[in-house]
$ cat start_22.txt   # compact mmCIF, C-alpha atoms
# COMPACT_ATOMS: atom_id res chain seq x y z
CA MET A 1 167.65 46.48 83.08
CA ALA A 2 169.24 46.77 79.65
CA ASN A 3 172.68 46.78 78.10
CA ARG A 4 174.30 47.89 74.88
CA ARG A 5 175.49 45.21 72.53
CA ALA A 6 179.00 45.47 71.10
CA HIS A 7 179.73 45.84 67.42
CA SER A 8 181.20 42.85 65.65
CA ASN A 9 184.51 44.72 65.59
CA GLY A 10 184.48 45.05 69.39
CA ARG A 11 183.38 48.71 69.64
CA ILE A 12 180.48 49.98 71.69
CA LEU A 13 178.18 52.56 70.22
CA PRO A 14 179.18 56.06 71.23
CA LYS A 15 177.45 57.93 73.98
CA ALA A 16 173.88 59.21 73.73
CA LEU A 17 172.64 60.87 70.62
CA PRO A 18 172.58 64.61 71.42
CA GLY A 19 169.09 66.00 70.98
CA LYS A 20 166.94 65.13 68.03
CA PHE A 21 168.08 64.24 64.57
CA VAL A 22 166.04 65.71 61.72
CA ALA A 23 166.47 64.24 58.28
CA PRO A 24 167.32 66.84 55.59
CA GLU A 25 164.59 67.89 53.19
CA LYS A 26 164.60 66.41 49.73
CA SER A 27 165.53 68.57 46.73
CA PRO A 28 163.01 69.13 43.94
CA GLN A 29 164.78 66.36 42.06
CA GLY A 30 163.96 64.00 44.96
CA ASN A 31 167.55 63.70 46.16
CA SER A 32 168.59 64.43 49.69
CA SER A 33 170.42 67.69 50.05
CA SER A 34 174.05 67.22 50.95
CA PRO A 35 176.25 69.43 53.09
CA SER A 36 178.18 70.52 50.01
CA LYS A 37 175.04 72.14 48.46
CA ARG A 38 173.92 74.12 51.52
CA SER A 39 173.32 77.86 51.59
CA PRO A 40 176.41 79.98 51.38
CA SER A 41 175.34 81.59 54.66
CA THR A 42 176.17 78.33 56.52
CA SER A 43 179.61 78.61 58.08
CA PRO A 44 182.25 75.93 57.51
CA ASP A 45 182.16 75.05 61.26
CA SER A 46 178.40 74.51 61.16
CA GLN A 47 178.75 72.40 58.06
CA ALA A 48 181.42 70.27 59.75
CA LYS A 49 179.25 69.78 62.87
CA LEU A 50 176.22 68.90 60.77
CA HIS A 51 178.28 66.46 58.75
CA ALA A 52 179.59 64.80 61.94
CA ARG A 53 176.05 64.48 63.31
CA LEU A 54 174.85 63.00 60.04
CA LYS A 55 177.68 60.49 60.04
CA SER A 56 176.95 59.52 63.65
CA ALA A 57 173.25 59.09 62.87
CA GLU A 58 174.02 56.97 59.82
CA GLU A 59 176.33 54.74 61.91
CA THR A 60 173.64 54.38 64.57
CA LEU A 61 170.97 53.48 62.02
CA ARG A 62 173.28 50.97 60.39
CA ALA A 63 173.99 49.33 63.80
CA ILE A 64 170.28 49.19 64.62
CA GLN A 65 169.42 47.66 61.24
CA SER A 66 172.18 45.04 61.59
CA GLY A 67 170.99 44.03 65.06
CA GLU A 68 174.22 45.05 66.76
CA VAL A 69 172.40 47.26 69.29
CA ASP A 70 169.68 46.28 71.77
CA ALA A 71 169.23 49.69 73.40
CA LEU A 72 170.27 53.33 73.15
CA MET A 73 171.23 55.93 75.71
CA VAL A 74 169.34 59.07 74.61
CA SER A 75 169.84 62.50 76.16
CA GLY A 76 167.02 64.99 76.26
CA ARG A 77 165.32 67.50 78.53
CA GLN A 78 164.80 64.89 81.24
CA GLY A 79 168.41 63.78 81.12
CA VAL A 80 169.95 60.58 79.82
CA ARG A 81 167.60 57.61 79.63
CA LEU A 82 167.74 54.06 78.34
CA VAL A 83 165.53 53.17 75.37
CA ALA A 84 165.13 49.48 74.56
CA LEU A 85 164.75 48.69 70.88
CA LYS A 86 162.16 46.33 69.52
CA GLY A 87 163.69 42.87 69.50
CA GLY A 88 166.26 43.77 72.17
CA GLU A 89 164.24 43.12 75.32
CA PRO A 90 163.53 39.46 74.48
CA ASN A 91 167.26 38.76 74.56
CA TYR A 92 167.44 39.79 78.19
CA ARG A 93 164.25 37.95 78.99
CA MET A 94 165.71 34.79 77.42
CA LEU A 95 168.70 35.13 79.73
CA VAL A 96 166.49 35.53 82.81
CA GLU A 97 164.23 32.68 81.77
CA ALA A 98 167.24 30.38 81.28
CA MET A 99 168.54 31.04 84.81
CA SER A 100 168.67 28.11 87.23
CA GLU A 101 167.72 30.57 89.97
CA GLY A 102 164.30 32.10 90.39
CA ALA A 103 163.99 35.80 89.51
CA ALA A 104 161.23 38.36 89.94
CA THR A 105 160.59 42.10 90.00
CA LEU A 106 158.47 43.41 92.84
CA SER A 107 156.69 46.62 93.65
CA ARG A 108 157.63 48.38 96.85
CA THR A 109 154.68 46.64 98.55
CA GLY A 110 155.85 43.17 97.47
CA ALA A 111 153.52 42.59 94.50
CA VAL A 112 155.05 40.44 91.75
CA LEU A 113 155.36 42.49 88.56
CA TYR A 114 157.26 39.80 86.65
CA CYS A 115 158.75 36.38 87.43
CA ASN A 116 160.72 33.88 85.41
CA ARG A 117 159.79 30.26 84.81
CA ARG A 118 162.05 28.89 87.58
CA PHE A 119 160.32 30.95 90.26
CA ALA A 120 156.95 29.73 88.99
CA GLU A 121 158.20 26.12 89.13
CA LEU A 122 159.20 26.55 92.78
CA LEU A 123 155.63 27.59 93.53
CA GLY A 124 154.03 24.93 91.33
CA ARG A 125 152.12 27.56 89.32
CA THR A 126 152.31 29.38 86.01
CA PRO A 127 153.96 32.82 85.77
CA GLY A 128 150.63 34.33 84.73
CA LYS A 129 148.96 33.27 87.98
CA ILE A 130 151.82 34.65 90.10
CA ALA A 131 151.86 38.12 88.50
CA GLY A 132 150.08 40.59 90.76
CA THR A 133 150.34 38.33 93.83
CA VAL A 134 152.11 39.76 96.87
CA VAL A 135 155.09 37.68 97.96
CA GLN A 136 153.90 37.87 101.58
CA SER A 137 151.14 35.44 100.65
CA LEU A 138 153.66 33.07 99.06
CA VAL A 139 155.89 32.60 102.11
CA ALA A 140 155.07 30.59 105.23
CA GLU A 141 152.58 32.38 107.42
CA ALA A 142 154.94 32.49 110.41
CA GLU A 143 157.58 34.24 108.28
CA ARG A 144 155.46 37.00 106.73
CA GLU A 145 156.31 39.63 109.32
CA ARG A 146 160.00 38.90 108.85
CA PHE A 147 159.59 39.21 105.08
CA GLU A 148 157.94 42.62 105.56
CA ALA A 149 161.07 43.73 107.45
CA LEU A 150 163.26 42.37 104.64
CA LEU A 151 161.14 44.24 102.07
CA ASP A 152 161.54 47.46 104.02
CA LYS A 153 165.29 47.01 104.26
CA ALA A 154 165.52 46.37 100.51
CA GLN A 155 164.25 49.92 99.86
CA ARG A 156 167.61 51.16 101.17
CA THR A 157 170.19 48.41 100.60
CA VAL A 158 170.69 44.79 99.62
CA ALA A 159 168.59 42.52 101.84
CA LYS A 160 168.97 38.74 102.14
CA GLY A 161 167.41 35.97 104.17
CA GLU A 162 166.15 32.39 104.31
CA PHE A 163 162.43 31.73 103.99
CA ASN A 164 160.01 28.93 103.15
CA LEU A 165 157.82 29.29 100.07
CA ARG A 166 154.33 27.82 100.15
CA PRO A 167 153.78 26.02 96.80
CA ALA A 168 150.42 24.91 95.48
CA ASP A 169 150.90 21.41 96.95
CA GLY A 170 151.33 22.91 100.42
CA ILE A 171 154.79 21.41 101.05
CA LEU A 172 157.11 24.22 102.15
CA THR A 173 160.19 24.83 99.99
CA PRO A 174 163.25 26.38 101.71
CA VAL A 175 164.72 29.24 99.66
CA TYR A 176 167.29 32.01 100.00
CA LEU A 177 165.99 35.43 98.90
CA SER A 178 168.15 38.34 97.81
CA LEU A 179 166.43 41.71 97.18
CA ASN A 180 167.81 44.96 95.85
CA ARG A 181 166.32 48.15 94.46
CA LEU A 182 166.48 48.47 90.66
CA GLN A 183 167.75 51.73 89.24
CA GLY A 184 166.13 53.59 86.37
CA TYR A 185 162.49 52.94 87.31
CA LYS A 186 159.99 55.49 88.55
CA GLY A 187 159.06 54.59 92.08
CA GLN A 188 160.93 51.85 93.89
CA VAL A 189 160.94 48.58 91.98
CA LEU A 190 162.81 45.69 93.58
CA GLY A 191 164.66 42.85 91.94
CA MET A 192 164.55 39.50 93.75
CA VAL A 193 166.66 36.40 93.17
CA ILE A 194 165.39 33.13 94.64
CA THR A 195 167.75 30.21 95.34
CA ASP A 196 166.26 26.79 96.05
CA LEU A 197 167.79 25.31 99.22
CA SER A 198 165.94 21.99 99.12
CA GLU A 199 168.94 19.90 98.06
CA GLN A 200 171.24 21.68 100.49
CA LYS A 201 168.80 21.16 103.37
CA ARG A 202 168.37 17.51 102.39
CA ARG A 203 172.13 16.94 102.52
CA GLN A 204 172.35 18.72 105.86
CA ALA A 205 169.56 16.54 107.23
CA GLU A 206 171.35 13.42 106.00
CA GLU A 207 174.61 14.57 107.60
CA ILE A 208 172.83 15.30 110.88
CA THR A 209 171.15 11.89 110.79
CA GLN A 210 174.46 10.20 110.05
CA THR A 211 176.21 12.14 112.81
CA GLU A 212 173.50 11.24 115.30
CA ALA A 213 173.73 7.59 114.29
CA THR A 214 177.51 7.70 114.73
CA HIS A 215 177.13 9.30 118.15
CA ARG A 216 174.62 6.64 119.18
CA LEU A 217 176.99 3.92 117.97
CA LEU A 218 179.90 5.46 119.86
CA LEU A 219 177.78 5.79 122.98
CA GLU A 220 176.70 2.16 122.74
CA ARG A 221 180.26 1.03 122.26
CA THR A 222 181.50 3.25 125.06
CA LEU A 223 178.96 1.71 127.42
CA ALA A 224 179.89 -1.75 126.15
CA ALA A 225 183.57 -0.97 126.69
CA GLN A 226 182.88 0.27 130.20
CA GLU A 227 180.98 -2.92 130.97
CA GLU A 228 183.78 -5.03 129.49
CA GLU A 229 186.30 -3.10 131.58
CA ARG A 230 184.26 -3.82 134.70
CA ARG A 231 184.22 -7.52 133.82
CA ARG A 232 187.99 -7.50 133.29
CA ILE A 233 188.63 -5.79 136.60
CA ALA A 234 186.27 -8.14 138.40
CA ARG A 235 187.96 -11.13 136.77
CA GLU A 236 191.45 -9.91 137.66
CA LEU A 237 190.39 -9.09 141.21
CA HIS A 238 189.02 -12.59 141.57
CA ASP A 239 191.83 -14.43 139.79
CA GLU A 240 194.78 -12.45 141.10
CA ALA A 241 194.12 -10.29 144.14
CA GLY A 242 191.29 -12.54 145.34
CA GLN A 243 193.44 -15.68 145.17
CA LEU A 244 196.30 -13.96 146.99
CA LEU A 245 194.00 -12.75 149.77
CA THR A 246 192.49 -16.23 150.05
CA ALA A 247 195.99 -17.73 150.36
CA LEU A 248 196.78 -15.12 152.99
CA LEU A 249 193.68 -16.05 154.96
CA VAL A 250 194.48 -19.79 154.79
CA GLY A 251 198.04 -19.09 155.90
CA LEU A 252 196.86 -17.09 158.89
CA ARG A 253 194.55 -19.93 159.96
CA SER A 254 197.33 -22.51 159.69
CA LEU A 255 199.51 -20.21 161.74
CA GLU A 256 197.23 -20.80 164.73
CA ASP A 257 198.11 -24.51 164.75
CA THR A 258 201.85 -23.97 164.48
CA ARG A 259 203.65 -24.92 167.68
CA LYS A 260 207.28 -24.24 166.91
CA LEU A 261 208.62 -20.69 166.77
CA SER A 262 210.77 -21.49 163.74
CA ASP A 263 207.69 -22.70 161.83
CA VAL A 264 205.82 -19.55 162.84
CA LYS A 265 208.63 -17.41 161.45
CA ALA A 266 208.67 -19.37 158.20
CA HIS A 267 204.90 -19.05 157.85
CA GLY A 268 205.18 -15.32 158.61
CA ARG A 269 207.68 -14.81 155.77
CA GLN A 270 205.42 -16.63 153.33
CA LEU A 271 202.41 -14.59 154.41
CA ARG A 272 204.37 -11.38 154.03
CA GLU A 273 205.30 -12.32 150.46
CA ILE A 274 201.69 -13.12 149.70
CA ALA A 275 200.57 -9.77 151.14
CA ALA A 276 203.21 -7.94 149.08
CA GLN A 277 202.00 -9.67 145.90
CA ALA A 278 198.41 -8.72 146.73
CA ILE A 279 199.43 -5.09 147.24
CA ASP A 280 201.31 -5.09 143.93
CA GLU A 281 198.34 -6.59 142.13
CA VAL A 282 195.88 -4.07 143.57
CA GLY A 283 198.31 -1.30 142.69
CA ARG A 284 198.54 -2.58 139.12
CA LEU A 285 194.80 -2.56 138.79
CA ALA A 286 194.61 0.94 140.27
CA ARG A 287 197.25 2.22 137.85
CA GLY A 288 195.32 0.67 134.99
CA LEU A 289 192.21 2.60 136.02
CA HIS A 290 194.03 5.88 136.53
CA PRO A 291 197.79 6.29 136.96
CA SER A 292 198.33 8.62 139.92
CA VAL A 293 201.95 9.03 138.82
CA LEU A 294 200.60 10.92 135.82
CA ASP A 295 199.16 13.56 138.13
CA ASP A 296 202.23 13.64 140.37
CA HIS A 297 205.14 13.41 137.91
CA GLY A 298 203.77 13.89 134.41
CA LEU A 299 203.47 11.92 131.19
CA GLY A 300 207.14 10.98 130.77
CA VAL A 301 207.51 9.26 134.15
CA ALA A 302 204.09 7.58 133.85
CA LEU A 303 205.00 6.12 130.43
CA ARG A 304 208.35 4.82 131.66
CA ARG A 305 206.71 3.01 134.56
CA TYR A 306 203.99 1.58 132.35
CA ILE A 307 206.50 0.40 129.75
CA THR A 308 208.60 -1.30 132.43
CA GLU A 309 205.59 -3.35 133.50
CA TYR A 310 204.59 -3.93 129.87
CA GLN A 311 208.00 -5.35 128.91
CA THR A 312 207.97 -7.67 131.90
CA THR A 313 204.45 -8.91 131.20
CA HIS A 314 204.55 -9.29 127.39
CA LYS A 315 208.28 -9.82 126.75
CA ILE A 316 208.27 -7.10 124.08
CA ALA A 317 211.11 -4.56 123.97
CA VAL A 318 209.93 -0.94 123.93
CA ASP A 319 212.23 1.96 123.02
CA LEU A 320 210.79 5.22 124.38
CA VAL A 321 212.32 8.41 122.91
CA LEU A 322 211.02 11.59 124.61
CA HIS A 323 213.53 14.10 123.15
CA ASP A 324 213.64 16.13 126.39
CA LEU A 325 209.86 16.42 126.44
CA ASP A 326 208.77 18.65 129.31
CA SER A 327 205.41 17.08 130.01
CA SER A 328 204.75 19.55 132.84
CA ASN A 329 203.99 22.15 130.15
CA LEU A 330 201.32 19.97 128.57
CA PRO A 331 197.70 20.45 129.64
CA PRO A 332 196.41 17.58 131.84
CA ALA A 333 193.85 16.61 129.19
CA VAL A 334 196.62 16.22 126.59
CA GLN A 335 198.71 14.08 128.94
CA ILE A 336 195.93 11.67 129.87
CA ALA A 337 194.72 11.41 126.25
CA LEU A 338 198.21 10.57 124.96
CA TYR A 339 198.75 8.11 127.83
CA ARG A 340 195.51 6.27 127.00
CA ILE A 341 196.26 6.29 123.26
CA LEU A 342 199.70 4.76 123.80
CA GLN A 343 198.30 2.31 126.33
CA GLU A 344 195.74 1.10 123.79
CA ALA A 345 198.35 1.03 120.99
CA LEU A 346 200.73 -1.15 123.03
CA THR A 347 197.87 -3.43 124.03
CA ASN A 348 196.98 -3.92 120.34
CA VAL A 349 200.63 -4.69 119.55
CA ALA A 350 200.73 -7.36 122.27
CA ARG A 351 197.41 -8.92 121.21
CA HIS A 352 197.56 -8.87 117.43
CA SER A 353 200.93 -7.98 115.90
CA GLY A 354 203.33 -10.65 117.14
CA ALA A 355 205.97 -7.91 117.33
CA ARG A 356 209.17 -8.22 119.32
CA LYS A 357 210.17 -4.56 119.26
CA VAL A 358 208.27 -1.27 119.49
CA ARG A 359 209.61 2.26 119.16
CA ILE A 360 207.73 5.26 120.61
CA GLN A 361 209.08 8.67 119.65
CA PHE A 362 207.90 12.12 120.73
CA THR A 363 208.67 15.16 118.58
CA ARG A 364 207.55 18.60 119.71
CA SER A 365 207.55 21.82 117.66
CA GLU A 366 206.27 25.28 118.46
CA THR A 367 202.84 24.45 117.11
CA ALA A 368 202.28 20.72 117.56
CA LEU A 369 203.25 17.51 119.31
CA GLU A 370 203.78 14.35 117.27
CA VAL A 371 203.88 10.83 118.71
CA GLU A 372 205.07 7.99 116.47
CA VAL A 373 204.62 4.30 117.31
CA ILE A 374 206.41 1.77 115.08
CA ASP A 375 206.37 -2.01 115.58
CA ASP A 376 208.01 -4.88 113.71
CA GLY A 377 204.95 -7.12 113.75
CA CYS A 378 202.86 -8.70 111.03
CA GLY A 379 201.04 -5.45 110.26
CA PHE A 380 197.47 -5.09 108.96
CA ASP A 381 195.41 -3.35 106.29
CA ALA A 382 195.98 0.30 107.17
CA LYS A 383 193.46 1.51 104.57
CA ALA A 384 190.71 -0.65 106.03
CA VAL A 385 191.53 0.55 109.53
CA ALA A 386 191.47 4.17 108.36
CA VAL A 387 187.76 3.96 107.52
CA SER A 388 186.73 1.30 110.03
CA THR A 389 184.16 2.09 112.70
CA HIS A 390 184.00 -1.48 114.05
CA ARG A 391 187.33 -1.56 115.91
CA LEU A 392 186.50 -0.14 119.30
CA GLY A 393 190.09 0.35 120.49
CA ILE A 394 191.15 2.21 117.35
CA GLN A 395 187.93 4.23 117.35
CA SER A 396 188.59 5.21 120.96
CA MET A 397 192.11 6.39 120.07
CA ARG A 398 190.78 8.42 117.15
CA GLU A 399 188.15 9.99 119.36
CA ARG A 400 190.68 10.99 122.01
CA ALA A 401 192.92 12.58 119.36
CA ALA A 402 189.96 14.39 117.79
CA LEU A 403 188.88 15.83 121.15
CA LEU A 404 192.29 17.52 121.30
CA GLY A 405 191.85 18.88 117.76
CA GLY A 406 194.41 16.37 116.49
CA THR A 407 194.57 13.44 114.08
CA MET A 408 195.69 9.82 114.11
CA THR A 409 196.85 7.92 111.02
CA PHE A 410 198.11 4.40 110.28
CA THR A 411 200.66 3.44 107.64
CA ALA A 412 201.44 -0.11 106.60
CA GLN A 413 205.20 -0.65 106.35
CA ARG A 414 207.33 -3.33 104.77
CA LYS A 415 207.27 -5.03 108.15
CA GLY A 416 204.99 -3.86 110.89
CA THR A 417 202.84 -0.76 111.27
CA ARG A 418 203.45 2.93 111.89
CA MET A 419 200.94 4.98 113.88
CA LEU A 420 201.24 8.78 113.98
CA VAL A 421 199.34 11.02 116.39
CA GLN A 422 199.47 14.80 115.83
CA VAL A 423 198.11 17.22 118.43
CA PRO A 424 198.14 21.03 118.03
CA LEU A 425 199.57 22.95 120.97
CA VAL A 426 199.71 26.67 120.16
CA HIS A 427 196.62 28.57 121.32
CA SER A 428 194.99 25.20 121.93
CA VAL A 429 191.43 25.50 123.18
CA LEU A 430 190.40 22.02 124.23
CA ASN A 431 186.94 20.70 123.66
CA PRO A 432 185.06 20.55 127.00
CA LEU A 433 184.53 16.84 126.36
CA ALA A 434 188.29 16.41 126.45
CA GLN A 435 188.34 17.82 129.97
CA GLN A 436 185.64 15.35 130.98
CA ARG A 437 187.58 12.46 129.44
CA SER A 438 190.78 13.35 131.35
CA THR A 439 189.91 10.95 134.18

$ encode --input "start_22.txt" --output "structure tokens"
Amino acid sequence: MANRRAHSNGRILPKALPGKFVAPEKSPQGNSSSPSKRSPSTSPDSQAKLHARLKSAEETLRAIQSGEVDALMVSGRQGVRLVALKGGEPNYRMLVEAMSEGAATLSRTGAVLYCNRRFAELLGRTPGKIAGTVVQSLVAEAERERFEALLDKAQRTVAKGEFNLRPADGILTPVYLSLNRLQGYKGQVLGMVITDLSEQKRRQAEEITQTEATHRLLLERTLAAQEEERRRIARELHDEAGQLLTALLVGLRSLEDTRKLSDVKAHGRQLREIAAQAIDEVGRLARGLHPSVLDDHGLGVALRRYITEYQTTHKIAVDLVLHDLDSSNLPPAVQIALYRILQEALTNVARHSGARKVRIQFTRSETALEVEVIDDGCGFDAKAVAVSTHRLGIQSMRERAALLGGTMTFTAQRKGTRMLVQVPLVHSVLNPLAQQRST
């Protein structure tokens, strides 16, 4: 591979020198004969052509002497060919040696004809010891057959692939090889560029390790949350429904000892009220586990019913703005995910914010659904929450939004906090995990 160097004035040497140039014979006085002293038989046209050739040759010689040219394109019987000048080739070799990538020229059988210093460093050897070695012996043994196929492909077109080099220390080095046939050589000589992938593979391994650690942490916290939810349900069943059923049982026993009909009727009314409270409590627990109204009537109705209970329980006013949201057009997984996110958000408001008012607003476009939750509470450090992995409720909300391909962000306001959930809707292909979580 060789190039022509530009003149200092920006010009490139003209095309190949036509044929051979023969210097004119010296006159008896020792001076070179000039075109003006040629034989009268030479025609003016011939003199002009000879003068032009002489001028071109003088310009070429001057450029060579000044170091402006590294190589010449010379035409002859075998066609145009590139001739490197002495002192020109080292310039290209300096460029190749300075490359951060490995480089080598190979024979058609894979023997190394030349390699730069970087390629030798990857193998832990000197360039002199690599020359003449076939690359097949330098790659991992299990990959040699695949390299043979790559070598064969490179005879016809550009061929690329990932391999593992086997350095002198025996520790495999992942590399990316790119081979292509070099033009202008007799036979089929291949050029090969070698990119070290060690750092890239190391980063990928670290990312995989970090991802696996995150997944393990999420799994542990999910299991812990499930266990905590079981404890809560058991506690509420014992403290609420259990107490009501116990009172009902005691009332029924006392009814046996009642003699007057009026007392029986009074006891019956009390027992009926107790039974109704027990039914309501069991229903509340059932709705907390999975709201059947969500399946029957959709997200809008389910949220209204939940908010009604929430306002009664926590004495916090909630303004729900649906903007004519047709939740029947939303996939079931989107509905349950948004319901759980809002359920968790309102629970956090009741536990931590000290807010008296909450506004929930839905905004739907052709491509996405946005849900905004704004409270007037004490607020918190939104930046810390944005990177926190230790808040299980918030992490659960983020995970549900991510499973839908969406995002969840927090913004600290002058008073209170703003939470924004964005979920894409157009051509939405839900993650299979989202379908599993829609229960």

$ atom_distance --input "start_22.txt" --atom1 "CA of Cys378 in chain A" --atom2 "CA of Gly354 in chain A"
6.4 Å

$ closest_residue --input "start_22.txt" --among "A:Ile316, A:Leu219, A:Leu151, A:Val293" --to "Thr109 in chain A" --atoms "only C-alpha atoms"
A:Leu151

$ closest_residue --input "start_22.txt" --among "A:Ala333, A:Val421, A:Val158, A:Val318" --to "Val349 in chain A" --atoms "only C-alpha atoms"
A:Val318

$ atom_distance --input "start_22.txt" --atom1 "CA of Leu150 in chain A" --atom2 "CA of Arg202 in chain A"
25.5 Å

$ closest_residue --input "start_22.txt" --among "A:Ser328, A:Thr133, A:Thr246, A:Gln311" --to "Lys357 in chain A" --atoms "only C-alpha atoms"
A:Gln311

$ residues_around --input "start_22.txt" --residues "Thr313 in chain A" --least-positions-apart "3" --cutoff "12 Å" --atoms "all atoms listed in the file" --output "PDB file with C-alpha atoms, keeping the file's coordinate frame"
ATOM      1  CA  ARG A 284     198.540  -2.580 139.120  1.00  0.00           C
ATOM      2  CA  TYR A 306     203.990   1.580 132.350  1.00  0.00           C
ATOM      3  CA  ILE A 307     206.500   0.400 129.750  1.00  0.00           C
ATOM      4  CA  THR A 308     208.600  -1.300 132.430  1.00  0.00           C
ATOM      5  CA  GLU A 309     205.590  -3.350 133.500  1.00  0.00           C
ATOM      6  CA  TYR A 310     204.590  -3.930 129.870  1.00  0.00           C
ATOM      7  CA  ILE A 316     208.270  -7.100 124.080  1.00  0.00           C
ATOM      8  CA  ALA A 317     211.110  -4.560 123.970  1.00  0.00           C
ATOM      9  CA  LEU A 346     200.730  -1.150 123.030  1.00  0.00           C
ATOM     10  CA  THR A 347     197.870  -3.430 124.030  1.00  0.00           C
ATOM     11  CA  ALA A 350     200.730  -7.360 122.270  1.00  0.00           C
TER      12      ALA A 350
END
